[in-house]
2 protein chains.
Amino acid sequence: MANLVCGFDILGLALSAPNDIMELSLTEEPAVTIRNLDSFNLPTDPEKNVAGVVLLSIIEKTGRRFGFDISIEKHIKPGSGIGSSAASAAGAAVAANHLLENIFSTDEIVQFAMNGETLASGVKHADNIAPCVLGGISLIRSIHPLDIVSIPAPDLFVTVVHPQIEVRTSDARQILKQQVLLKDAIKQWGNIAGLVTGFMKQEYDLIGRSLEDVIIEPVRSILIPGFDELKKGCKEAGALGGGISGSGPSVFMLSKDEATAIAVESVMKGVYNRIGIDYNTYVTTINKEGVRVEWLRS
Amino acid sequence: MANLVCGFDILGLALSAPNDIMELSLTEEPAVTIRNLDSFNLPTDPEKNVAGVVLLSIIEKTGRRFGFDISIEKHIKPGSGIGSSAASAAGAAVAANHLLENIFSTDEIVQFAMNGETLASGVKHADNIAPCVLGGISLIRSIHPLDIVSIPAPDLFVTVVHPQIEVRTSDARQILKQQVLLKDAIKQWGNIAGLVTGFMKQEYDLIGRSLEDVIIEPVRSILIPGFDELKKGCKEAGALGGGISGSGPSVFMLSKDEATAIAVESVMKGVYNRIGIDYNTYVTTINKEGVRVEWLRS
């Protein structure tokens with residue numbers, strides 16, 4: 001999940017679920033061959049596939065003659081706002097680096113994966129990629145030059161609802177105002193400082209007070225039916241706070257314990273049942289590990 | 001020092017030196033009597049004196065009939081940008097609370113002291129007051145309601161230069177643009193998140209990289225002669241970074257060790273000797289204690 005409330009464009013978090021499964025192998029033939037094992041009908045042309053673009057950029061960087069076979073079983077629905085393309089990109093980059101005997105640094109892996117994000121959204125960003133690669137919560141202090149900082153965080157439960165409507169990342173970006181009031185910007189950087197401090201001091205109340213976005217959410221939340229009611233209900237049910245995941249339409253809430261996270265899920269279901277929009281929900285945790293690698297030897 | 005680089009309006013730091021000395025006693029007569037022991041010619045009318053206003057507001061709050069005698073020996077030059085009025089306000093509030101047997105909470109002490117800041121600058125803010133009262137580095141996440149968070153920080157040395165020119169707080173505030181570019185605001189909140197994380201993780205490189213202000217400093221630094229040269233020279237001498245203290249004209253730099261802080265002082269002296277502006281410099285540390293109370297019993 002990117003755009004962590006007041007941390008728009010700089011703060012992301014890795015979820016334990018849902019997750020994609022990829023199988024990657026080296027080939028002598030200098031090509032990337034993609035097999036999709038899911039029903040999302042994503043392109044198999046490597047130049048049009050997020051994982052494909054990442055793998056092509058890795059092959060090019062090595063300057064060697066070889067290729068990859070990859071099979072992809074996605075469970076993170078494209079367009080959900082919970083980083084589906086980042087998962088493909090990060091998974092491919094981490095797996096390829098393992099097959100190449102870890103010749104690349106973490107920063108390089110993130111850079112490769114960002115090529116996939118650029119294909120998906122047209123913009124080079126890393127606030128989904130970095131937590132997928134590193135696990136936990138990542139601060140992207142800067143893209144040029146790349147400066148990724150891991151933020152230690154307490155164990156938190158995350159409830160996500162994905163209403164089945166389409167919000168295109170490019171649209172969500174286009175409606176943002178290019179100028180903001182200085183006083184709002186100050187409020188935002190007070191909140192981001194509070195949020196980071198709350199995470200590191202494990203102060204749940206401070207996390208809750210700081211989960212406030214006075215700049216992006218008021219604009220983007222109009223694209224998400226029921227957003228205000230949803231947020232109010234979830235906080236009444238005990239959530240610390242939350243907001244739009246990525247550029248939406250998914251909405252997430254953080255909770256201190258699992259029982260609260262489940263109560264929050266009920267609120268989410270109630271809102272979208274009443275509105276009459278299909279949805280998926282997930283009750284999960286912060287994934288502190290990032291991409292998990294398993295070796296399959298034949 | 002308020003306005004800690006990217007932490008404009010939200011982050012302040014207490015210095016070990018210079019500091020003011022105040023002597024406060026309770027009186028039966030319901031009045032505030034002020035004696036100045038320095039040569040700054042500050043008003044002795046309590047309604048026009050920062051410490052006086054604070055003490056009057058405390059008396060009013062108690063609803064009781066009593067007064068204070070206060071003698072003030074200021075060493076922090078008014079108008080220097082290193083929180084002279086905050087020191088008066090915080091010192092008076094903390095001392096009065098002690099004489100009243102600690103009936104007020106820290107938040108209330110900060111609130112009383114803010115009355116003095118309002119007299120001095122016309123704006124109610126706490127980013128100087130809070131670190132004076134609490135010591136160390138304070139985040140003011142919000143003024144309404146007051147939300148002060150202590151940020152644990154590593155031991156750092158602070159070099160301050162006060163060029164003897166006048167920058168009025170109200171002027172410094174007036175030249176700021178009321179609107180900022182969203183992309184600059186994002187950069188700023190990336191830096192503030194990095195700075196806070198760097199303080200808490202004691203990562204000096206991260207602190208240095210994050211000590212960047214893309215919004216306020218480019219505008220305000222034009223009021224401070226030699227600013228760009230000064231900053232460049234100090235960083236070359238090994239400073240982690242720094243910027244304008246408060247609304248200026250003082251400039252501060254943070255360093256990892258005392259030798260560097262002294263080398264930075266030499267750079268500062270060199271710049272203002274060459275330009276031909278009188279100045280004071282201080283090589284000091286972060287004051288982690290805040291206002292120090294000593295009982296004098298007669």
# chains A, B, ... in the order shown; residues from 1 in each chain; ligands from 1

call {"tool": "select_by_dssp", "arguments": {"residues": "range 8-76 of chain B", "states": "helix (DSSP H, G or I)", "output": "PyMOL selection string"}}
result
chain B and resi 46-48+50-62

call {"tool": "residues_around", "arguments": {"residues": "range 290-297 of chain A", "least_positions_apart": "5", "cutoff": "6 Å", "atoms": "only C-alpha atoms", "output": "list in words"}}
result
Cys132, Val133, Leu134 and Gly135 of chain A

call {"tool": "write_last_selection", "arguments": {"atoms": "C-alpha atoms", "output": "short mmCIF file (atom, residue, chain, number, x, y, z; two decimals), in the first residue's frame"}}
result
data_model
loop_
_atom_site.label_atom_id
_atom_site.label_comp_id
_atom_site.auth_asym_id
_atom_site.auth_seq_id
_atom_site.Cartn_x
_atom_site.Cartn_y
_atom_site.Cartn_z
CA CYS A 132 7.46 -5.11 -1.16
CA VAL A 133 11.23 -5.59 -1.43
CA LEU A 134 12.21 -4.70 2.14
CA GLY A 135 9.07 -5.59 4.10
#

call {"tool": "interface_residues", "arguments": {"of": "chain B", "to": "chain A", "cutoff": "6 Å", "atoms": "only C-alpha atoms", "output": "list in words"}}
result
Ile10, Arg141, Gln178, Gln179, Val180, Leu181, Leu182, Trp189, Gly190 and Ala193 of chain B

call {"tool": "atom_distance", "arguments": {"atom1": "CA of Lys48 in chain B", "atom2": "CA of Glu73 in chain B"}}
result
17.0 Å

call {"tool": "select_by_dssp", "arguments": {"residues": "range 15-255 of chain B", "states": "strand (DSSP E)", "output": "JSON, numbers by chain"}}
result
{"B": [21, 22, 23, 24, 25, 26, 27, 32, 33, 34, 35, 36, 67, 68, 69, 70, 71, 72, 73, 137, 138, 139, 140, 141, 142, 147, 148, 149, 150, 151, 157, 158, 159, 160, 161, 162, 163, 179, 180, 181, 241, 242, 243, 244, 251, 252, 253, 254, 255]}

call {"tool": "residues_around", "arguments": {"residues": "Val264 in chain B", "least_positions_apart": "3", "cutoff": "9 Å", "atoms": "only C-alpha atoms", "output": "list in words"}}
result
Thr159, Gly233, Cys234, Lys235, Glu236, Ala237, Gly238, Ala239, Met253, Ser255, Ala259, Thr260, Ala261, Val267, Met268 and Lys269 of chain B

call {"tool": "write_last_selection", "arguments": {"atoms": "C-alpha atoms", "output": "short mmCIF file (atom, residue, chain, number, x, y, z; two decimals), in the first residue's frame"}}
result
data_model
loop_
_atom_site.label_atom_id
_atom_site.label_comp_id
_atom_site.auth_asym_id
_atom_site.auth_seq_id
_atom_site.Cartn_x
_atom_site.Cartn_y
_atom_site.Cartn_z
CA THR B 159 26.90 26.08 16.26
CA GLY B 233 31.25 26.50 3.93
CA CYS B 234 29.82 24.96 7.11
CA LYS B 235 28.88 21.75 5.33
CA GLU B 236 32.32 21.56 3.77
CA ALA B 237 33.72 21.92 7.29
CA GLY B 238 31.76 18.81 8.27
CA ALA B 239 28.43 20.10 9.58
CA MET B 253 24.44 24.13 12.08
CA SER B 255 27.54 18.61 13.99
CA ALA B 259 35.74 19.62 16.98
CA THR B 260 33.53 19.91 13.90
CA ALA B 261 31.23 22.37 15.66
CA VAL B 267 33.75 29.31 8.94
CA MET B 268 30.92 31.47 10.28
CA LYS B 269 33.34 34.02 11.73
#

call {"tool": "residues_around", "arguments": {"residues": "Leu56 in chain B", "least_positions_apart": "2", "cutoff": "10 Å", "atoms": "only C-alpha atoms", "output": "MDAnalysis selection string"}}
result
chainID B and resid 30:32 46:47 51:54 58:61 67:68 112 115

call {"tool": "residues_around", "arguments": {"residues": "Leu13 in chain A", "least_positions_apart": "5", "cutoff": "7 Å", "atoms": "only C-alpha atoms", "output": "list in words"}}
result
Met1, Ala2, Pro131, Gly136, Ile137, Ser138 and Ile286 of chain A

call {"tool": "write_last_selection", "arguments": {"atoms": "C-alpha atoms", "output": "compact mmCIF listing (two decimals), in the first residue's frame"}}
result
# COMPACT_ATOMS: atom_id res chain seq x y z
CA MET A 1 0.00 0.00 0.00
CA ALA A 2 1.40 3.36 -1.03
CA PRO A 131 8.06 -2.10 1.15
CA GLY A 136 7.48 -3.41 6.76
CA ILE A 137 7.06 0.33 6.32
CA SER A 138 9.32 2.25 3.95
CA ILE A 286 2.12 -5.74 8.18

call {"tool": "atom_distance", "arguments": {"atom1": "CA of Thr106 in chain B", "atom2": "CA of Ala126 in chain B"}}
result
12.3 Å

call {"tool": "residues_around", "arguments": {"residues": "Val167 in chain B", "least_positions_apart": "4", "cutoff": "8 Å", "atoms": "only C-alpha atoms", "output": "ChimeraX atom specification"}}
result
/B:79,171-172,223,247-249

call {"tool": "atom_distance", "arguments": {"atom1": "CA of Asn280 in chain B", "atom2": "CA of Leu156 in chain B"}}
result
20.2 Å

call {"tool": "closest_residue", "arguments": {"among": "B:Val158, B:Tyr282, B:Phe66, B:Thr169", "to": "Asn19 in chain B", "atoms": "only C-alpha atoms"}}
result
B:Tyr282

call {"tool": "closest_residue", "arguments": {"among": "A:Ala113, A:Leu99, A:Val271, A:Val283", "to": "Leu15 in chain A", "atoms": "only C-alpha atoms"}}
result
A:Val283
